[in-house]
file structure.cif (mmCIF, C-alpha atoms and all ligand atoms)
data_query
loop_
_atom_site.label_atom_id
_atom_site.label_comp_id
_atom_site.auth_asym_id
_atom_site.auth_seq_id
_atom_site.Cartn_x
_atom_site.Cartn_y
_atom_site.Cartn_z
CA MET A 1 132.63 56.37 35.09
CA PRO A 2 131.50 52.87 36.24
CA ASN A 3 127.77 52.41 36.73
CA ILE A 4 127.68 51.55 40.45
CA LYS A 5 124.10 50.22 40.39
CA ASN A 6 124.94 47.70 37.67
CA SER A 7 128.41 46.88 38.84
CA VAL A 8 127.22 45.52 42.22
CA LYS A 9 124.89 43.16 40.33
CA ASP A 10 127.58 42.26 37.79
CA ALA A 11 127.84 38.50 37.29
CA SER A 12 131.63 38.75 37.44
CA TYR A 13 131.33 39.46 41.19
CA SER A 14 131.07 36.24 43.22
CA VAL A 15 128.86 37.99 45.78
CA ASP A 16 125.93 40.36 45.32
CA ILE A 17 127.11 43.41 47.25
CA GLY A 18 123.83 45.23 46.73
CA GLU A 19 122.00 42.50 48.66
CA MET A 20 124.56 42.34 51.47
CA ARG A 21 123.04 43.47 54.75
CA ILE A 22 122.64 41.98 58.20
CA LYS A 23 119.88 42.51 60.74
CA TYR A 24 120.63 45.02 63.45
CA LYS A 25 118.45 45.38 66.55
CA ASP A 26 114.67 45.28 66.51
CA LYS A 27 112.36 47.80 68.14
CA SER A 28 112.28 45.91 71.44
CA ASP A 29 116.00 46.64 71.88
CA THR A 30 116.57 50.36 71.48
CA PHE A 31 119.14 52.69 73.04
CA THR A 32 117.29 55.57 74.66
CA GLU A 33 118.36 58.33 77.02
CA ASP A 34 117.21 56.36 80.08
CA HIS A 35 119.71 53.62 79.11
CA LEU A 36 122.65 55.97 79.61
CA GLU A 37 124.94 54.56 82.30
CA SER A 38 126.58 57.94 82.82
CA LYS A 39 125.92 61.60 82.04
CA GLN A 40 129.45 62.06 80.72
CA PRO A 41 131.10 60.19 77.85
CA PHE A 42 133.90 58.42 79.73
CA GLY A 43 131.50 56.61 82.06
CA GLN A 44 129.27 55.69 79.14
CA PHE A 45 132.30 54.49 77.14
CA LYS A 46 133.40 52.35 80.10
CA ALA A 47 129.97 50.71 80.26
CA TRP A 48 129.91 49.88 76.53
CA PHE A 49 133.60 48.94 76.34
CA GLU A 50 133.26 46.47 79.20
CA ILE A 51 130.28 44.84 77.48
CA ALA A 52 132.34 44.63 74.26
CA CYS A 53 135.23 43.04 76.18
CA ASN A 54 132.87 40.37 77.50
CA THR A 55 131.11 39.64 74.21
CA PRO A 56 132.18 36.42 72.50
CA GLY A 57 133.07 37.11 68.89
CA ILE A 58 134.62 40.50 69.59
CA LEU A 59 138.26 39.48 69.45
CA GLU A 60 139.85 42.93 69.65
CA PRO A 61 137.37 45.25 71.38
CA ASN A 62 140.14 47.85 71.71
CA ALA A 63 140.70 48.07 67.93
CA MET A 64 139.65 51.48 66.65
CA PHE A 65 140.05 53.50 63.48
CA LEU A 66 142.12 56.64 63.79
CA ALA A 67 141.53 59.41 61.26
CA THR A 68 144.05 62.19 60.81
CA ALA A 69 144.48 64.86 58.14
CA THR A 70 147.24 67.00 56.72
CA LYS A 71 147.24 70.75 57.34
CA SER A 72 145.45 71.19 54.01
CA GLY A 73 142.78 68.66 55.02
CA ILE A 74 143.77 65.53 53.07
CA PRO A 75 142.52 62.68 55.29
CA SER A 76 143.89 59.24 56.09
CA VAL A 77 142.61 56.50 58.36
CA ARG A 78 144.00 53.29 59.85
CA PRO A 79 143.33 50.90 62.74
CA VAL A 80 145.24 51.28 66.02
CA LEU A 81 144.75 49.76 69.47
CA LEU A 82 143.31 51.65 72.41
CA LYS A 83 145.73 51.24 75.32
CA GLY A 84 144.11 53.38 77.99
CA TYR A 85 141.22 55.74 78.57
CA GLY A 86 139.85 57.96 81.31
CA SER A 87 138.60 61.48 81.91
CA GLU A 88 141.72 62.83 80.18
CA GLY A 89 141.10 61.01 76.87
CA PHE A 90 141.83 57.92 74.77
CA LYS A 91 145.39 56.63 74.35
CA PHE A 92 147.25 54.72 71.65
CA TYR A 93 150.95 54.16 70.90
CA THR A 94 152.84 54.43 67.66
CA ASN A 95 155.96 55.55 65.83
CA TYR A 96 156.48 59.33 65.96
CA ASP A 97 158.01 59.26 62.45
CA SER A 98 154.97 57.53 60.93
CA ARG A 99 152.53 59.10 58.51
CA LYS A 100 149.86 59.49 61.20
CA ALA A 101 152.33 61.19 63.54
CA GLY A 102 153.47 63.55 60.77
CA GLU A 103 149.86 64.50 60.15
CA LEU A 104 149.17 64.99 63.85
CA ASP A 105 152.28 67.18 64.13
CA GLU A 106 150.91 69.58 61.52
CA ASN A 107 147.21 69.17 62.39
CA PRO A 108 146.25 67.84 65.84
CA ASN A 109 142.60 67.23 64.87
CA ALA A 110 141.83 63.52 65.10
CA ALA A 111 138.86 61.18 65.11
CA LEU A 112 138.48 57.63 66.42
CA THR A 113 135.80 55.07 65.62
CA PHE A 114 135.15 51.75 67.33
CA TYR A 115 132.86 49.28 65.54
CA TRP A 116 131.64 46.35 67.60
CA GLU A 117 129.76 44.39 64.96
CA ALA A 118 128.43 41.70 67.32
CA LEU A 119 126.75 44.43 69.40
CA LYS A 120 125.64 46.58 66.44
CA ARG A 121 127.36 49.48 68.17
CA THR A 122 129.86 52.14 67.27
CA VAL A 123 131.51 54.89 69.28
CA ARG A 124 132.81 57.97 67.44
CA ILE A 125 135.25 60.29 69.15
CA GLU A 126 136.40 63.66 67.78
CA GLY A 127 138.99 65.91 69.34
CA THR A 128 142.65 66.79 69.32
CA ALA A 129 145.66 64.55 69.88
CA GLU A 130 148.69 65.28 72.06
CA ARG A 131 151.79 63.20 72.72
CA THR A 132 151.80 61.50 76.10
CA SER A 133 154.70 62.08 78.51
CA SER A 134 157.95 60.17 78.06
CA THR A 135 157.28 58.51 81.44
CA ASP A 136 153.94 57.23 80.16
CA SER A 137 155.50 56.00 76.89
CA ASP A 138 158.37 54.29 78.78
CA CYS A 139 155.93 52.60 81.08
CA TYR A 140 153.86 51.14 78.23
CA PHE A 141 156.93 50.28 76.10
CA ASN A 142 158.47 48.36 79.00
CA SER A 143 155.28 46.32 79.40
CA ARG A 144 155.33 45.15 75.76
CA PRO A 145 156.52 41.65 74.80
CA TYR A 146 160.18 41.49 73.76
CA PRO A 147 159.45 40.69 70.06
CA SER A 148 157.17 43.75 69.86
CA GLN A 149 159.86 45.93 71.42
CA ILE A 150 162.39 44.72 68.85
CA GLY A 151 159.81 45.07 66.07
CA SER A 152 159.11 48.69 66.87
CA MET A 153 162.86 49.40 66.73
CA ALA A 154 163.29 47.48 63.48
CA SER A 155 160.56 49.31 61.59
CA LYS A 156 160.81 52.85 60.25
CA GLN A 157 157.04 52.90 60.17
CA SER A 158 155.42 54.24 56.96
CA SER A 159 158.73 54.48 55.05
CA VAL A 160 159.24 52.68 51.73
CA ILE A 161 161.51 49.59 51.89
CA ALA A 162 162.92 47.27 49.24
CA GLY A 163 161.43 44.06 50.65
CA ARG A 164 160.62 42.01 53.75
CA GLU A 165 164.27 40.99 53.89
CA THR A 166 165.15 44.54 55.00
CA LEU A 167 163.07 44.01 58.15
CA MET A 168 164.44 40.51 58.80
CA VAL A 169 168.05 41.70 58.60
CA LYS A 170 167.34 44.62 60.95
CA GLU A 171 165.42 42.41 63.39
CA LYS A 172 168.28 39.86 63.54
CA GLU A 173 170.80 42.64 64.13
CA LEU A 174 168.72 44.12 66.96
CA LEU A 175 168.04 40.72 68.59
CA GLU A 176 171.82 40.21 68.81
CA GLN A 177 172.50 43.74 70.01
CA PHE A 178 169.71 43.93 72.61
CA PRO A 179 169.02 40.78 74.65
CA GLU A 180 165.66 40.42 76.38
CA GLY A 181 165.29 42.90 79.23
CA SER A 182 167.79 45.41 77.82
CA VAL A 183 165.60 47.18 75.25
CA LYS A 184 164.99 50.88 75.88
CA ARG A 185 162.13 52.76 74.27
CA PRO A 186 163.34 54.42 71.08
CA PRO A 187 162.78 58.19 71.29
CA ASN A 188 160.67 58.09 68.10
CA TRP A 189 158.09 55.73 69.62
CA GLY A 190 155.42 56.68 72.15
CA GLY A 191 151.87 57.53 72.99
CA TYR A 192 149.17 59.93 71.92
CA ILE A 193 146.08 60.89 73.82
CA VAL A 194 143.00 62.01 71.94
CA ILE A 195 141.21 64.61 74.05
CA PRO A 196 137.58 64.49 72.96
CA LYS A 197 135.32 67.41 72.09
CA SER A 198 132.49 65.03 71.22
CA VAL A 199 131.72 61.34 71.70
CA GLU A 200 128.81 59.69 69.90
CA PHE A 201 127.24 56.38 70.92
CA TRP A 202 125.42 54.65 68.04
CA GLN A 203 123.32 51.52 68.11
CA GLY A 204 121.90 50.05 64.91
CA GLN A 205 118.29 49.20 64.19
CA SER A 206 117.21 46.88 61.36
CA ASP A 207 114.84 49.52 59.94
CA ARG A 208 117.76 52.00 59.81
CA LEU A 209 116.14 54.24 62.44
CA HIS A 210 119.29 53.90 64.49
CA ASP A 211 119.89 55.39 67.94
CA ARG A 212 122.54 58.10 68.18
CA ILE A 213 123.32 59.94 71.39
CA ARG A 214 126.16 62.45 71.24
CA PHE A 215 127.96 64.02 74.15
CA ARG A 216 129.71 67.30 73.44
CA ARG A 217 131.37 69.99 75.49
CA ARG A 218 128.88 72.64 76.60
CA LYS A 219 129.41 75.93 74.66
CA PRO A 220 130.18 79.05 76.75
CA GLY A 221 126.90 80.44 78.11
CA GLU A 222 124.82 77.57 76.66
CA LYS A 223 121.75 76.59 78.70
CA PRO A 224 120.44 73.10 77.87
CA ASP A 225 116.67 73.21 77.18
CA ASN A 226 116.24 69.55 78.19
CA ILE A 227 114.24 69.02 75.00
CA LEU A 228 116.96 68.92 72.37
CA VAL A 229 120.01 69.47 74.53
CA HIS A 230 120.34 67.79 77.92
CA GLU A 231 122.50 68.72 80.87
CA GLY A 232 125.28 66.20 81.42
CA ASP A 233 128.00 66.02 84.07
CA ASP A 234 131.46 67.62 84.20
CA GLY A 235 130.80 70.29 81.53
CA TRP A 236 129.23 67.90 79.00
CA VAL A 237 125.80 68.06 77.37
CA TYR A 238 124.14 65.32 75.36
CA GLU A 239 121.69 65.30 72.47
CA ARG A 240 120.05 62.81 70.11
CA LEU A 241 120.99 62.88 66.44
CA SER A 242 118.78 61.77 63.59
CA PRO A 243 120.12 58.56 62.08
C1 LIG Z 1 143.89 45.76 64.59
C2 LIG Z 1 145.10 46.61 64.31
C3 LIG Z 1 145.69 47.32 65.32
C4 LIG Z 1 146.78 48.13 65.08
N1 LIG Z 1 147.32 48.84 66.11
C5 LIG Z 1 148.33 49.69 65.87
C6 LIG Z 1 148.82 50.53 66.93
O1 LIG Z 1 148.33 50.49 68.06
N2 LIG Z 1 149.82 51.37 66.62
C7 LIG Z 1 150.37 51.46 65.38
O2 LIG Z 1 151.29 52.24 65.18
N3 LIG Z 1 149.91 50.69 64.36
C8 LIG Z 1 148.91 49.82 64.58
N4 LIG Z 1 148.42 49.05 63.55
C9 LIG Z 1 148.97 49.24 62.19
C10 LIG Z 1 148.30 50.50 61.57
O3 LIG Z 1 146.98 50.21 61.16
C11 LIG Z 1 149.10 51.12 60.42
O4 LIG Z 1 149.37 50.16 59.43
C12 LIG Z 1 150.42 51.72 60.90
O5 LIG Z 1 150.28 52.36 62.15
C13 LIG Z 1 150.95 52.72 59.89
O6 LIG Z 1 150.02 53.77 59.70
P1 LIG Z 1 150.43 55.19 59.06
O7 LIG Z 1 151.39 54.88 57.94
O8 LIG Z 1 149.15 55.77 58.60
O9 LIG Z 1 151.09 55.98 60.13
C14 LIG Z 1 147.33 48.21 63.77
C15 LIG Z 1 146.74 47.46 62.74
C16 LIG Z 1 145.65 46.66 63.01
C17 LIG Z 1 145.04 45.88 61.88
#
call {"tool": "encode", "arguments": {"input": "structure.cif", "output": "structure tokens", "more": "lines below"}}
Ligand SMILES: Cc1cc2nc3c(=O)[nH]c(=O)nc-3n(C[C@H](O)[C@H](O)[C@H](O)COP(=O)(O)O)c2cc1C
result
Amino acid sequence: MPNIKNSVKDASYSVDIGEMRIKYKDKSDTFTEDHLESKQPFGQFKAWFEIACNTPGILEPNAMFLATATKSGIPSVRPVLLKGYGSEGFKFYTNYDSRKAGELDENPNAALTFYWEALKRTVRIEGTAERTSSTDSDCYFNSRPYPSQIGSMASKQSSVIAGRETLMVKEKELLEQFPEGSVKRPPNWGGYIVIPKSVEFWQGQSDRLHDRIRFRRRKPGEKPDNILVHEGDDGWVYERLSP
């Protein structure tokens, strides 16, 4: 077993990982309950997402990590792009034959995490994923640039291939077969919507006493005490978590 404590200080590393840390927010810039822009998670997400979209240095504010797991609970995680959100959930698009789709087919539980480093903020979403309608998938597929449309047809996402050449040959073939404007969405490509059961808003503090406010669906019969659990809107409650 490697000795982690020593290995981060090991001279063979060009950087000292143990000493790597940046400053988060100081105590004059906290995230408290009175800063909530909405008493339900979608409104609060909108407020933070729009700030992220307007923050220089955040190049892909819609990049998020999607975690899935097999039926037996073996997890996997990868980045995907958020392509829509609202009171119904958070949408992304992918290949329905991919590893993530296979895992969602056997286990719909999914989690998403956004990390906006420049803002020292994360949003964590947990819920279940469902495929979006074929109309929704068509609509988004048709809005994609032509090279992306061809690319999604050329790639059997997550399958093993002999080399890059395999993709180049397939792409060339498809470019000849389907001129711009004629590409139809392949049936194995489309959207998912993650319907949240909880959404946590986290903001980092330099002293590690971070702010965490979590919205979750109110349990049947639950009465918020307004001390630990607060009444939200639209069937949501919110509560503060210890960092
Ligand atoms: C910033 C970023 C955004 C991505 N967005 C998507 C996406 O929206 N859909 C997708 O299928 N793959 C996307 N990818 C590629 C995935 O991370 C991943 O490699 C691919 O979906 C295969 O994952 P899987 O084998 O676990 O199914 C993105 C990668 C990056 C780095």
call {"tool": "atom_distance", "arguments": {"input": "structure.cif", "atom1": "CA of Gln205 (chain A)", "atom2": "CA of Val77 (chain A)"}}
result
26.1 Å
call {"tool": "residues_near_ligand", "arguments": {"input": "structure.cif", "ligand": "ligand LIG 1 (chain Z)", "cutoff": "10 Å", "atoms": "all atoms listed in the file", "output": "ChimeraX atom specification"}}
result
/A:59-68,76-83,91-104,152,156-159,189-191
call {"tool": "residues_around", "arguments": {"input": "structure.cif", "residues": "Ser155 (chain A)", "least_positions_apart": "4", "cutoff": "9 Å", "atoms": "all atoms listed in the file", "output": "CSV table (one decimal) with C-alpha atoms, in the coordinates of the input"}}
result
chain,number,residue,atom,x,y,z
A,95,ASN,CA,156.0,55.6,65.8
A,150,ILE,CA,162.4,44.7,68.8
A,151,GLY,CA,159.8,45.1,66.1
A,159,SER,CA,158.7,54.5,55.0
A,167,LEU,CA,163.1,44.0,58.2
A,170,LYS,CA,167.3,44.6,61.0
A,171,GLU,CA,165.4,42.4,63.4
call {"tool": "atom_distance", "arguments": {"input": "structure.cif", "atom1": "CA of Thr135 (chain A)", "atom2": "CA of Lys197 (chain A)"}}
result
25.5 Å
call {"tool": "closest_residue", "arguments": {"input": "structure.cif", "among": "A:Asp211, A:Glu176, A:Asp225, A:Glu130", "to": "Glu33 (chain A)", "atoms": "all atoms listed in the file"}}
result
A:Asp211
call {"tool": "atom_distance", "arguments": {"input": "structure.cif", "atom1": "CA of Phe90 (chain A)", "atom2": "CA of Ser148 (chain A)"}}
result
21.5 Å
call {"tool": "closest_residue", "arguments": {"input": "structure.cif", "among": "A:Tyr85, A:Ile193, A:Tyr115, A:Lys219", "to": "Gly43 (chain A)", "atoms": "all atoms listed in the file"}}
result
A:Tyr85
call {"tool": "residues_around", "arguments": {"input": "structure.cif", "residues": "region 20-28 of chain A", "least_positions_apart": "4", "cutoff": "10 Å", "atoms": "all atoms listed in the file", "output": "mmCIF file with C-alpha atoms, in the coordinates of the input"}}
result
data_model
loop_
_atom_site.group_PDB
_atom_site.id
_atom_site.type_symbol
_atom_site.label_atom_id
_atom_site.label_comp_id
_atom_site.auth_asym_id
_atom_site.auth_seq_id
_atom_site.Cartn_x
_atom_site.Cartn_y
_atom_site.Cartn_z
ATOM 1 C CA VAL A 15 128.860 37.990 45.780
ATOM 2 C CA ASP A 16 125.930 40.360 45.320
ATOM 3 C CA GLU A 117 129.760 44.390 64.960
ATOM 4 C CA ALA A 118 128.430 41.700 67.320
ATOM 5 C CA LEU A 119 126.750 44.430 69.400
ATOM 6 C CA LYS A 120 125.640 46.580 66.440
ATOM 7 C CA ARG A 121 127.360 49.480 68.170
ATOM 8 C CA GLN A 203 123.320 51.520 68.110
ATOM 9 C CA GLY A 204 121.900 50.050 64.910
ATOM 10 C CA GLN A 205 118.290 49.200 64.190
ATOM 11 C CA SER A 206 117.210 46.880 61.360
ATOM 12 C CA ASP A 207 114.840 49.520 59.940
ATOM 13 C CA ARG A 208 117.760 52.000 59.810
ATOM 14 C CA LEU A 209 116.140 54.240 62.440
ATOM 15 C CA HIS A 210 119.290 53.900 64.490
#
call {"tool": "residues_around", "arguments": {"input": "structure.cif", "residues": "Arg212 (chain A)", "least_positions_apart": "5", "cutoff": "8 Å", "atoms": "only C-alpha atoms", "output": "PyMOL selection string"}}
result
chain A and resi 200-203+240-243
call {"tool": "closest_residue", "arguments": {"input": "structure.cif", "among": "A:Asn54, A:Ser143, A:Thr32, A:Thr122", "to": "Glu239 (chain A)", "atoms": "all atoms listed in the file"}}
result
A:Thr32
call {"tool": "residues_around", "arguments": {"input": "structure.cif", "residues": "Glu126 (chain A)", "least_positions_apart": "6", "cutoff": "6 Å", "atoms": "all atoms listed in the file", "output": "MDAnalysis selection string"}}
result
chainID A and resid 111 196:198
call {"tool": "closest_residue", "arguments": {"input": "structure.cif", "among": "A:Pro224, A:Pro179, A:Pro108, A:Pro147", "to": "Tyr192 (chain A)", "atoms": "all atoms listed in the file"}}
result
A:Pro108
call {"tool": "residues_around", "arguments": {"input": "structure.cif", "residues": "His230 (chain A)", "least_positions_apart": "2", "cutoff": "12 Å", "atoms": "only C-alpha atoms", "output": "ChimeraX atom specification"}}
result
/A:33,39-40,213-218,222-228,232-233,235-240
call {"tool": "decode", "arguments": {"input": "structure.cif", "residues": "region 134-237 of chain A", "atoms": "C-alpha atoms", "output": "PDB file, in the first residue's frame"}}
result
ATOM      1  CA  SER A 134     -38.882  11.433 -29.316  1.00  0.00           C
ATOM      2  CA  THR A 135     -40.314  14.855 -30.245  1.00  0.00           C
ATOM      3  CA  ASP A 136     -38.044  16.504 -27.684  1.00  0.00           C
ATOM      4  CA  SER A 137     -35.012  14.518 -28.890  1.00  0.00           C
ATOM      5  CA  ASP A 138     -35.790  15.327 -32.558  1.00  0.00           C
ATOM      6  CA  CYS A 139     -36.127  18.986 -31.735  1.00  0.00           C
ATOM      7  CA  TYR A 140     -32.726  19.167 -30.021  1.00  0.00           C
ATOM      8  CA  PHE A 141     -31.005  16.907 -32.592  1.00  0.00           C
ATOM      9  CA  ASN A 142     -32.242  19.116 -35.432  1.00  0.00           C
ATOM     10  CA  SER A 143     -30.791  22.192 -33.717  1.00  0.00           C
ATOM     11  CA  ARG A 144     -27.283  20.673 -33.520  1.00  0.00           C
ATOM     12  CA  PRO A 145     -24.519  21.698 -35.952  1.00  0.00           C
ATOM     13  CA  TYR A 146     -24.165  19.365 -38.952  1.00  0.00           C
ATOM     14  CA  PRO A 147     -20.734  17.971 -37.888  1.00  0.00           C
ATOM     15  CA  SER A 148     -22.170  17.051 -34.467  1.00  0.00           C
ATOM     16  CA  GLN A 149     -25.133  15.322 -36.112  1.00  0.00           C
ATOM     17  CA  ILE A 150     -22.781  13.275 -38.288  1.00  0.00           C
ATOM     18  CA  GLY A 151     -20.502  12.626 -35.303  1.00  0.00           C
ATOM     19  CA  SER A 152     -23.292  11.201 -33.206  1.00  0.00           C
ATOM     20  CA  MET A 153     -24.184   8.841 -36.065  1.00  0.00           C
ATOM     21  CA  ALA A 154     -20.556   7.841 -36.621  1.00  0.00           C
ATOM     22  CA  SER A 155     -19.865   6.886 -33.020  1.00  0.00           C
ATOM     23  CA  LYS A 156     -21.116   3.744 -31.305  1.00  0.00           C
ATOM     24  CA  GLN A 157     -20.530   5.510 -28.022  1.00  0.00           C
ATOM     25  CA  SER A 158     -18.691   3.504 -25.317  1.00  0.00           C
ATOM     26  CA  SER A 159     -17.872   0.566 -27.635  1.00  0.00           C
ATOM     27  CA  VAL A 160     -14.279  -0.587 -28.186  1.00  0.00           C
ATOM     28  CA  ILE A 161     -12.793   0.332 -31.600  1.00  0.00           C
ATOM     29  CA  ALA A 162      -9.513  -0.532 -33.317  1.00  0.00           C
ATOM     30  CA  GLY A 163      -8.346   3.064 -33.824  1.00  0.00           C
ATOM     31  CA  ARG A 164      -9.303   6.633 -34.748  1.00  0.00           C
ATOM     32  CA  GLU A 165      -9.300   5.562 -38.384  1.00  0.00           C
ATOM     33  CA  THR A 166     -12.518   3.594 -37.745  1.00  0.00           C
ATOM     34  CA  LEU A 167     -14.281   6.864 -36.885  1.00  0.00           C
ATOM     35  CA  MET A 168     -12.768   8.771 -39.818  1.00  0.00           C
ATOM     36  CA  VAL A 169     -13.899   6.137 -42.329  1.00  0.00           C
ATOM     37  CA  LYS A 170     -17.423   6.099 -40.880  1.00  0.00           C
ATOM     38  CA  GLU A 171     -17.611   9.907 -40.783  1.00  0.00           C
ATOM     39  CA  LYS A 172     -16.536  10.181 -44.451  1.00  0.00           C
ATOM     40  CA  GLU A 173     -19.112   7.575 -45.458  1.00  0.00           C
ATOM     41  CA  LEU A 174     -21.894   9.404 -43.595  1.00  0.00           C
ATOM     42  CA  LEU A 175     -20.893  12.848 -44.941  1.00  0.00           C
ATOM     43  CA  GLU A 176     -21.294  11.447 -48.469  1.00  0.00           C
ATOM     44  CA  GLN A 177     -24.539   9.645 -47.684  1.00  0.00           C
ATOM     45  CA  PHE A 178     -26.230  12.483 -45.757  1.00  0.00           C
ATOM     46  CA  PRO A 179     -25.692  16.025 -47.071  1.00  0.00           C
ATOM     47  CA  GLU A 180     -26.296  18.952 -44.726  1.00  0.00           C
ATOM     48  CA  GLY A 181     -29.982  19.321 -43.872  1.00  0.00           C
ATOM     49  CA  SER A 182     -30.850  15.679 -44.555  1.00  0.00           C
ATOM     50  CA  VAL A 183     -29.684  14.075 -41.295  1.00  0.00           C
ATOM     51  CA  LYS A 184     -32.403  12.448 -39.196  1.00  0.00           C
ATOM     52  CA  ARG A 185     -31.942  11.702 -35.521  1.00  0.00           C
ATOM     53  CA  PRO A 186     -30.731   8.122 -35.098  1.00  0.00           C
ATOM     54  CA  PRO A 187     -33.190   6.172 -32.919  1.00  0.00           C
ATOM     55  CA  ASN A 188     -30.385   5.327 -30.463  1.00  0.00           C
ATOM     56  CA  TRP A 189     -29.674   8.983 -29.660  1.00  0.00           C
ATOM     57  CA  GLY A 190     -31.806  11.246 -27.477  1.00  0.00           C
ATOM     58  CA  GLY A 191     -32.460  12.964 -24.212  1.00  0.00           C
ATOM     59  CA  TYR A 192     -32.763  12.139 -20.546  1.00  0.00           C
ATOM     60  CA  ILE A 193     -34.359  14.208 -17.868  1.00  0.00           C
ATOM     61  CA  VAL A 194     -33.178  13.873 -14.292  1.00  0.00           C
ATOM     62  CA  ILE A 195     -36.166  14.415 -12.004  1.00  0.00           C
ATOM     63  CA  PRO A 196     -34.722  15.602  -8.699  1.00  0.00           C
ATOM     64  CA  LYS A 197     -35.565  14.360  -5.219  1.00  0.00           C
ATOM     65  CA  SER A 198     -32.991  16.696  -3.705  1.00  0.00           C
ATOM     66  CA  VAL A 199     -30.915  19.658  -4.851  1.00  0.00           C
ATOM     67  CA  GLU A 200     -28.078  21.018  -2.726  1.00  0.00           C
ATOM     68  CA  PHE A 201     -26.536  24.479  -3.131  1.00  0.00           C
ATOM     69  CA  TRP A 202     -22.979  24.687  -1.737  1.00  0.00           C
ATOM     70  CA  GLN A 203     -20.756  27.709  -1.402  1.00  0.00           C
ATOM     71  CA  GLY A 204     -17.177  27.372  -0.165  1.00  0.00           C
ATOM     72  CA  GLN A 205     -15.564  29.230   2.703  1.00  0.00           C
ATOM     73  CA  SER A 206     -11.791  29.475   3.165  1.00  0.00           C
ATOM     74  CA  ASP A 207     -12.017  28.126   6.733  1.00  0.00           C
ATOM     75  CA  ARG A 208     -13.915  25.073   5.401  1.00  0.00           C
ATOM     76  CA  LEU A 209     -17.093  26.073   7.259  1.00  0.00           C
ATOM     77  CA  HIS A 210     -18.902  25.998   3.950  1.00  0.00           C
ATOM     78  CA  ASP A 211     -22.557  26.874   3.381  1.00  0.00           C
ATOM     79  CA  ARG A 212     -24.836  24.030   2.301  1.00  0.00           C
ATOM     80  CA  ILE A 213     -28.562  24.455   1.786  1.00  0.00           C
ATOM     81  CA  ARG A 214     -30.440  21.415   0.545  1.00  0.00           C
ATOM     82  CA  PHE A 215     -33.924  21.329  -0.912  1.00  0.00           C
ATOM     83  CA  ARG A 216     -35.705  17.992  -0.741  1.00  0.00           C
ATOM     84  CA  ARG A 217     -39.204  16.760  -1.367  1.00  0.00           C
ATOM     85  CA  ARG A 218     -41.355  16.995   1.765  1.00  0.00           C
ATOM     86  CA  LYS A 219     -42.024  13.509   3.248  1.00  0.00           C
ATOM     87  CA  PRO A 220     -45.692  12.458   3.577  1.00  0.00           C
ATOM     88  CA  GLY A 221     -47.126  14.020   6.744  1.00  0.00           C
ATOM     89  CA  GLU A 222     -43.906  15.945   7.514  1.00  0.00           C
ATOM     90  CA  LYS A 223     -44.399  19.304   9.259  1.00  0.00           C
ATOM     91  CA  PRO A 224     -41.374  21.612   8.952  1.00  0.00           C
ATOM     92  CA  ASP A 225     -40.357  22.970  12.390  1.00  0.00           C
ATOM     93  CA  ASN A 226     -38.760  26.082  10.850  1.00  0.00           C
ATOM     94  CA  ILE A 227     -35.702  25.443  13.009  1.00  0.00           C
ATOM     95  CA  LEU A 228     -34.031  22.569  11.199  1.00  0.00           C
ATOM     96  CA  VAL A 229     -36.478  22.052   8.367  1.00  0.00           C
ATOM     97  CA  HIS A 230     -38.048  25.003   6.566  1.00  0.00           C
ATOM     98  CA  GLU A 231     -41.198  25.167   4.499  1.00  0.00           C
ATOM     99  CA  GLY A 232     -40.441  25.709   0.825  1.00  0.00           C
ATOM    100  CA  ASP A 233     -42.748  26.116  -2.168  1.00  0.00           C
ATOM    101  CA  ASP A 234     -44.367  23.500  -4.428  1.00  0.00           C
ATOM    102  CA  GLY A 235     -43.915  20.531  -2.051  1.00  0.00           C
ATOM    103  CA  TRP A 236     -40.251  21.247  -1.252  1.00  0.00           C
ATOM    104  CA  VAL A 237     -38.601  21.832   2.122  1.00  0.00           C
TER     105      VAL A 237
END
